[in-house]
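Next up, structure-v8.txt (compact mmCIF, C-alpha atoms and all ligand atoms):
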# COMPACT_ATOMS: atom_id res chain seq x y z
CA MET A 580 -7.11 7.02 -21.73
CA THR A 581 -4.77 5.07 -19.43
CA SER A 582 -6.41 4.00 -16.17
CA VAL A 583 -5.01 5.51 -12.99
CA SER A 584 -4.55 2.00 -11.57
CA ALA A 585 -2.39 0.93 -14.53
CA ALA A 586 -0.21 4.02 -14.13
CA ILE A 587 0.16 3.43 -10.38
CA ARG A 588 0.94 -0.25 -10.88
CA ALA A 589 3.66 0.63 -13.39
CA ALA A 590 5.28 3.01 -10.90
CA LEU A 591 5.14 0.36 -8.14
CA LEU A 592 6.82 -2.11 -10.49
CA THR A 593 9.65 0.30 -11.31
CA ALA A 594 12.76 -0.90 -9.46
CA ASP A 595 15.33 1.81 -10.11
CA PRO A 596 15.07 4.45 -7.34
CA THR A 597 15.48 7.52 -9.54
CA ALA A 598 13.06 6.10 -12.11
CA LYS A 599 10.50 5.19 -9.43
CA ALA A 600 10.64 8.69 -7.93
CA PHE A 601 10.20 10.15 -11.41
CA ALA A 602 7.32 7.78 -12.21
CA ALA A 603 5.50 8.63 -8.96
CA ARG A 604 5.67 12.36 -9.68
CA GLN A 605 4.56 11.77 -13.27
CA VAL A 606 1.50 9.75 -12.16
CA ALA A 607 0.53 12.51 -9.71
CA ARG A 608 0.97 15.18 -12.40
CA ASP A 609 -0.98 13.22 -15.02
CA TRP A 610 -3.80 12.53 -12.57
CA ALA A 611 -4.00 16.20 -11.54
CA ALA A 612 -4.08 17.20 -15.24
CA GLY A 613 -7.01 14.85 -15.94
CA LYS A 614 -4.93 12.57 -18.17
CA LEU A 615 -5.73 9.35 -16.26
CA ALA A 616 -9.15 7.70 -16.02
CA PHE A 617 -10.71 6.89 -12.63
CA VAL A 618 -10.73 3.20 -13.55
CA PHE A 619 -9.39 0.32 -11.45
CA ASP A 620 -8.80 -2.47 -13.93
CA CYS A 621 -5.58 -3.92 -12.56
CA ALA A 622 -4.45 -5.22 -9.20
CA MET A 623 -1.61 -3.78 -7.17
CA PRO A 624 1.43 -6.04 -6.72
CA ASP A 625 1.85 -7.68 -3.28
CA GLU A 626 5.43 -6.41 -3.21
CA PRO A 627 6.65 -3.38 -5.15
CA ALA A 628 9.81 -3.69 -7.26
CA ARG A 629 13.04 -2.92 -5.40
CA PRO A 630 16.54 -2.21 -6.65
CA ALA A 631 19.31 -4.79 -6.02
CA ALA A 632 20.89 -2.35 -3.55
CA PRO A 633 20.44 -1.47 -0.72
CA GLU A 634 20.61 -4.91 0.81
CA LEU A 635 17.63 -5.24 3.16
CA LEU A 636 18.36 -6.50 6.67
CA PRO A 637 16.18 -7.00 9.76
CA PRO A 638 16.78 -4.18 12.26
CA ASN A 639 18.77 -6.40 14.67
CA ARG A 640 21.29 -7.17 11.89
CA MET A 641 21.78 -3.54 10.87
CA PRO A 642 25.33 -2.30 11.50
CA LYS A 643 25.67 0.28 14.26
CA ARG A 644 25.46 3.84 13.03
CA GLY A 645 28.52 5.03 14.91
CA LYS A 646 28.84 8.43 16.45
CA GLY A 647 26.48 11.11 15.14
CA GLY A 648 29.24 13.63 14.61
CA SER A 649 31.41 11.49 12.32
CA GLN A 650 31.16 11.52 8.53
CA ARG A 651 30.22 7.84 8.65
CA GLY A 652 27.47 8.56 11.16
CA ARG A 653 26.11 11.40 9.04
CA ILE A 654 25.99 9.24 5.92
CA ALA A 655 24.25 6.47 7.87
CA LEU A 656 21.60 8.93 9.08
CA TRP A 657 20.81 10.31 5.60
CA HIS A 658 20.85 6.81 4.14
CA ALA A 659 18.33 5.54 6.69
CA LEU A 660 16.08 8.54 6.02
CA ALA A 661 16.39 8.12 2.23
CA HIS A 662 15.27 4.51 2.60
CA ILE A 663 12.23 5.52 4.65
CA GLU A 664 11.23 8.02 1.95
CA PHE A 665 11.86 5.48 -0.81
CA VAL A 666 9.48 2.98 0.79
CA ALA A 667 7.04 5.83 1.53
CA ILE A 668 6.71 6.41 -2.24
CA ASP A 669 5.44 2.84 -2.63
CA LEU A 670 3.21 3.08 0.46
CA ALA A 671 1.44 6.15 -0.93
CA LEU A 672 1.12 4.68 -4.43
CA ASP A 673 -0.28 1.44 -3.03
CA MET A 674 -2.76 3.37 -0.85
CA ALA A 675 -4.15 5.19 -3.92
CA GLY A 676 -4.08 2.17 -6.23
CA ARG A 677 -5.42 -0.45 -3.83
CA PHE A 678 -8.15 1.54 -2.12
CA GLY A 679 -8.91 4.33 -4.61
CA ALA A 680 -11.84 2.51 -6.26
CA GLN A 681 -13.80 2.23 -3.01
CA MET A 682 -12.68 5.60 -1.56
CA GLY A 683 -13.20 7.86 -4.58
CA PRO A 684 -11.31 10.43 -6.65
CA GLN A 685 -10.43 12.82 -3.78
CA PHE A 686 -8.68 9.97 -1.96
CA VAL A 687 -6.66 9.25 -5.11
CA THR A 688 -5.79 12.95 -5.45
CA ASP A 689 -4.63 13.14 -1.83
CA PHE A 690 -2.46 10.03 -1.81
CA LEU A 691 -0.94 10.65 -5.23
CA ALA A 692 0.04 14.08 -3.90
CA VAL A 693 1.64 12.25 -0.95
CA ALA A 694 3.49 9.94 -3.38
CA ALA A 695 4.83 12.98 -5.23
CA ASP A 696 5.98 14.55 -1.94
CA GLU A 697 7.73 11.33 -0.89
CA ALA A 698 9.46 11.18 -4.28
CA MET A 699 10.69 14.75 -3.74
CA HIS A 700 11.86 13.89 -0.20
CA PHE A 701 13.72 10.89 -1.56
CA ALA A 702 15.35 12.98 -4.29
CA LEU A 703 16.50 15.61 -1.77
CA LEU A 704 18.01 12.97 0.52
CA ALA A 705 19.63 11.05 -2.33
CA ARG A 706 21.26 14.30 -3.43
CA ARG A 707 22.39 14.97 0.15
CA LEU A 708 24.05 11.53 0.18
CA ARG A 709 25.85 12.26 -3.09
CA THR A 710 27.24 15.55 -1.79
CA LEU A 711 28.67 13.52 1.13
CA GLY A 712 30.37 11.17 -1.34
CA SER A 713 27.88 8.31 -0.88
CA HIS A 714 24.65 7.21 -2.56
CA TYR A 715 21.38 5.42 -1.84
CA GLY A 716 22.19 1.71 -1.91
CA ALA A 717 25.70 2.11 -0.48
CA LEU A 718 24.62 0.79 2.96
CA PRO A 719 22.20 -1.91 4.08
CA ALA A 720 18.69 -0.76 4.95
CA HIS A 721 15.79 -1.79 7.18
CA SER A 722 13.80 -4.70 5.72
CA GLY A 723 10.62 -4.22 7.74
CA LEU A 724 9.15 -1.07 6.22
CA TRP A 725 6.72 -2.91 3.93
CA ASP A 726 5.41 -5.13 6.78
CA ALA A 727 2.64 -2.68 7.66
CA ALA A 728 1.39 -2.68 4.07
CA ARG A 729 1.30 -6.48 3.94
CA GLU A 730 -0.48 -6.61 7.29
CA THR A 731 -3.21 -4.15 6.23
CA SER A 732 -3.79 -4.89 2.53
CA HIS A 733 -7.29 -6.24 3.27
CA ASP A 734 -8.81 -3.12 4.85
CA VAL A 735 -8.48 0.58 4.11
CA ALA A 736 -9.35 1.50 7.72
CA ALA A 737 -6.50 -0.69 9.02
CA ARG A 738 -4.11 0.73 6.42
CA LEU A 739 -4.99 4.34 7.32
CA ALA A 740 -4.83 3.62 11.06
CA VAL A 741 -1.35 2.10 10.84
CA VAL A 742 0.52 3.77 7.97
CA PRO A 743 -0.25 7.50 8.13
CA MET A 744 -1.66 7.60 11.67
CA VAL A 745 1.04 5.53 13.42
CA LEU A 746 4.14 5.30 11.22
CA GLU A 747 4.09 8.75 9.61
CA ALA A 748 2.90 10.27 12.90
CA ARG A 749 5.99 8.74 14.52
CA GLY A 750 8.01 10.79 12.05
CA LEU A 751 6.40 13.94 13.48
CA ASP A 752 7.66 12.93 16.93
CA VAL A 753 11.27 12.13 16.02
CA THR A 754 12.07 14.56 13.19
CA PRO A 755 12.31 17.72 15.36
CA MET A 756 15.01 16.07 17.50
CA THR A 757 16.98 14.96 14.45
CA LEU A 758 16.57 18.43 12.97
CA GLU A 759 17.94 20.03 16.10
CA ARG A 760 20.97 17.74 16.10
CA VAL A 761 21.65 18.34 12.41
CA ARG A 762 21.35 22.11 12.85
CA ALA A 763 23.59 22.04 15.93
CA SER A 764 26.25 20.24 13.87
CA GLY A 765 26.28 23.20 11.46
CA ASP A 766 24.54 21.39 8.60
CA GLU A 767 22.04 24.07 7.60
CA THR A 768 21.25 22.47 4.21
CA GLY A 769 20.35 19.23 5.95
CA ALA A 770 18.28 21.08 8.54
CA ARG A 771 16.27 22.82 5.77
CA ILE A 772 15.52 19.49 4.12
CA LEU A 773 14.22 18.11 7.41
CA GLU A 774 12.06 21.20 7.97
CA ARG A 775 10.44 20.73 4.61
CA ILE A 776 9.88 17.02 5.24
CA LEU A 777 8.32 17.73 8.64
CA ASP A 778 5.92 20.27 7.10
CA ASP A 779 4.84 17.86 4.38
CA GLU A 780 4.46 14.95 6.80
CA ILE A 781 1.95 16.90 8.90
CA ARG A 782 -0.20 17.09 5.76
CA HIS A 783 0.25 13.37 5.07
CA VAL A 784 -0.92 12.44 8.56
CA ARG A 785 -3.85 14.82 8.15
CA PHE A 786 -4.93 13.08 4.92
CA GLY A 787 -4.79 9.83 6.85
CA SER A 788 -6.89 11.03 9.77
CA THR A 789 -9.42 12.81 7.51
CA HIS A 790 -10.09 9.74 5.39
CA PHE A 791 -10.05 7.47 8.43
CA THR A 792 -12.72 9.61 10.09
CA ALA A 793 -14.81 9.45 6.91
CA VAL A 794 -14.54 5.64 6.74
CA CYS A 795 -15.61 5.36 10.39
CA ALA A 796 -18.60 7.67 9.83
CA ALA A 797 -19.65 5.62 6.79
CA ARG A 798 -19.39 2.40 8.83
CA GLY A 799 -21.17 3.93 11.82
CA GLU A 800 -18.19 3.24 14.08
CA SER A 801 -16.48 5.43 16.66
CA ALA A 802 -13.15 6.59 15.20
CA GLU A 803 -11.38 6.38 18.54
CA SER A 804 -12.36 2.83 19.41
CA LEU A 805 -11.90 1.49 15.87
CA TRP A 806 -8.46 3.13 15.62
CA LYS A 807 -7.38 1.62 18.93
CA SER A 808 -8.56 -1.86 18.03
CA LEU A 809 -6.99 -1.76 14.54
CA VAL A 810 -3.66 -0.50 15.88
CA THR A 811 -3.63 -3.13 18.63
CA ARG A 812 -4.37 -5.86 16.09
CA HIS A 813 -2.20 -4.77 13.16
CA PHE A 814 0.75 -2.83 14.56
CA ARG A 815 3.42 -4.86 16.30
CA GLY A 816 5.51 -2.01 17.67
CA ALA A 817 4.69 0.26 20.56
CA VAL A 818 2.94 3.62 20.25
CA LYS A 819 5.11 5.39 22.76
CA PRO A 820 6.05 8.89 23.91
CA PRO A 821 7.58 11.39 23.54
CA PHE A 822 4.75 12.64 21.31
CA ASN A 823 4.89 15.86 19.33
CA ASP A 824 1.43 16.91 20.49
CA SER A 825 1.31 20.17 18.55
CA ALA A 826 2.26 18.61 15.18
CA ARG A 827 -0.10 15.69 15.87
CA GLY A 828 -2.86 18.14 16.72
CA GLU A 829 -2.30 20.02 13.46
CA ALA A 830 -2.49 16.68 11.66
CA GLY A 831 -5.89 15.92 13.19
CA LEU A 832 -4.72 13.24 15.62
CA PRO A 833 -6.49 13.71 18.97
CA ARG A 834 -4.47 12.96 22.10
CA GLU A 835 -7.17 10.58 23.40
CA PHE A 836 -6.36 8.27 20.50
CA TYR A 837 -2.68 7.65 20.95
CA THR A 838 -2.22 8.11 24.69
CA GLY A 839 -4.76 5.31 25.18
CA VAL A 840 -2.66 2.71 23.34
CA ALA A 841 0.72 3.89 24.62
CA HIS A 842 2.50 1.04 26.39
FE FE B 1 8.29 11.81 3.37
FE FE B 2 4.86 10.97 4.33
Produce structure tokens that represent the structure in this file.
Ligand SMILES: [Fe+2]
Ligand SMILES: [Fe+2]
Amino acid sequence: MTSVSAAIRAALLTADPTAKAFAARQVARDWAAGKLAFVFDCAMPDEPARPAAPELLPPNRMPKRGKGGSQRGRIALWHALAHIEFVAIDLALDMAGRFGAQMGPQFVTDFLAVAADEAMHFALLARRLRTLGSHYGALPAHSGLWDAARETSHDVAARLAVVPMVLEARGLDVTPMTLERVRASGDETGARILERILDDEIRHVRFGSTHFTAVCAARGESAESLWKSLVTRHFRGAVKPPFNDSARGEAGLPREFYTGVAH
């Protein structure tokens, strides 16, 4: 039987976006069907494979998006979101493959399900771009989305604190506003995609907070103080309002956590 780590590694090392999305969903399906062994006999790559396009640029060198209402602005929005979902596939795969051995089979189940969701999100957004006459890779994209993974590859608690509980939680805050704008522009198909993504992302953040709480209990540490210290140490951005308190609450993120580090 193939080891789950070998299957995850192969998906991480797939560069073509469509093929990577397909591979991620296949790994999740095979794992759920009991076709992969809970064996961790190969290391995860430091950097996952990336396609030649999009060109990755630091945020300050990204071209301006232009006005939201223009066709160019719309394409830029969906392209930026597609890129976030593309990197999210790798983040979820790496979570399962790097920390699955120590965290156990349920952790692998949860984060491979996240990887499959992200692959679906990416596919929906890539299709949206094609219906607008563009495609993923047509524009430059943000180069910094793997930074958090690099910064937290040594510690599952740090990874959970920063990736699902800060970065994906940020998605819960900003997506409703984007959704409203997209719906107001008359793009109902786009609005539906964002609704689905928002729903799924609540579950992703909840997996993060559930496993984080379990790690803290096992280490005999207070979840709140460990989360704050890990975020302060390993997250360079600001945890800042506006917060979507109701979505965060559903995702198991208590207000005391994130209001305390807001600056
Ligand atoms: Fe997603
Ligand atoms: Fe997600």
| Residues at most 7 Å from Ala736 in chain A, counting all atoms listed in the file, excluding those fewer than 4 positions away in the same chain, as a list of chain:residue names? |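 So, after excluding close chain neighbours, the residues are A:Ala740, A:Phe791, A:Val794.
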Residue nearest ligand FE 2 (chain B) - candidates A:Gly799, A:Pro820, A:Pro743, A:Gly765, atoms counted: only C-alpha atoms and all ligand atoms |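 Between A:Gly799, A:Pro820, A:Pro743, A:Gly765, the residue approaching ligand FE 2 (chain B) most closely is A:Pro743.
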Close residues, Ala590 in chain A itself excluded, 10 Å, all atoms listed in the file, min 4 positions apart in chain, as a PyMOL selection string: chain A and resi 584-586+594+598-606+627-628+668-669+672-673
Check your understanding: Which residue out of A:Val687, A:Met744, A:Met699, A:Leu832 has the minimum interatomic distance to Ala611 in chain A when only C-alpha atoms are used?
Key ->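 Looking at the shortest contact to Ala611 in chain A, the residue is A:Val687.
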Report the closest atom pair, with its distance in Å rounded to one decimal, for each residue of chain A that has an atom no farther than 12 Å from ligand FE 1 (chain B); count all atoms listed in the file, sort by chain and then rising residue number, and write it as CSV.
residue,atom,partner,partner_atom,distance
A:Ala600,CA,B:FE1,FE,12.0
A:Leu660,CA,B:FE1,FE,8.9
A:Ala661,CA,B:FE1,FE,9.0
A:His662,CA,B:FE1,FE,10.1
A:Ile663,CA,B:FE1,FE,7.5
A:Glu664,CA,B:FE1,FE,5.0
A:Phe665,CA,B:FE1,FE,8.4
A:Val666,CA,B:FE1,FE,9.3
A:Ala667,CA,B:FE1,FE,6.4
A:Ile668,CA,B:FE1,FE,7.9
A:Asp669,CA,B:FE1,FE,11.2
A:Leu670,CA,B:FE1,FE,10.5
A:Ala671,CA,B:FE1,FE,9.9
A:Ala692,CA,B:FE1,FE,11.2
A:Val693,CA,B:FE1,FE,7.9
A:Ala694,CA,B:FE1,FE,8.5
A:Ala695,CA,B:FE1,FE,9.3
A:Asp696,CA,B:FE1,FE,6.4
A:Glu697,CA,B:FE1,FE,4.3
A:Ala698,CA,B:FE1,FE,7.8
A:Met699,CA,B:FE1,FE,8.1
A:His700,CA,B:FE1,FE,5.5
A:Phe701,CA,B:FE1,FE,7.4
A:Ala702,CA,B:FE1,FE,10.5
A:Leu703,CA,B:FE1,FE,10.4
A:Leu704,CA,B:FE1,FE,10.2
A:Pro743,CA,B:FE1,FE,10.7
A:Leu746,CA,B:FE1,FE,11.0
A:Glu747,CA,B:FE1,FE,8.1
A:Ala748,CA,B:FE1,FE,11.1
A:Arg749,CA,B:FE1,FE,11.8
A:Gly750,CA,B:FE1,FE,8.7
A:Leu751,CA,B:FE1,FE,10.5
A:Thr754,CA,B:FE1,FE,10.9
A:Ile772,CA,B:FE1,FE,10.6
A:Leu773,CA,B:FE1,FE,9.5
A:Glu774,CA,B:FE1,FE,11.1
A:Arg775,CA,B:FE1,FE,9.3
A:Ile776,CA,B:FE1,FE,5.8
A:Leu777,CA,B:FE1,FE,7.9
A:Asp778,CA,B:FE1,FE,9.5
A:Asp779,CA,B:FE1,FE,7.0
A:Glu780,CA,B:FE1,FE,6.0
A:Ile781,CA,B:FE1,FE,9.8
A:Arg782,CA,B:FE1,FE,10.3
A:His783,CA,B:FE1,FE,8.4
A:Val784,CA,B:FE1,FE,10.6
field: Polymer residues at most 9 Å from Gly712 in chain A, all atoms listed in the file, same-chain spacing of 4 or more positions, as a ChimeraX atom specification
entry: /A:654,707-708
inquiry  = Could you list, as a count of residues only, every residue within 9 Å of Leu809 in chain A, counting all atoms listed in the file and ignoring same-chain residues fewer than 2 positions away?
reply    = 13
Which is closest to ligand FE 2 (chain B) among A:Phe690, A:Tyr837, A:Phe822, A:Phe617, if we use only C-alpha atoms and all ligand atoms?
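The answer is A:Phe690, which sits nearest to ligand FE 2 (chain B).
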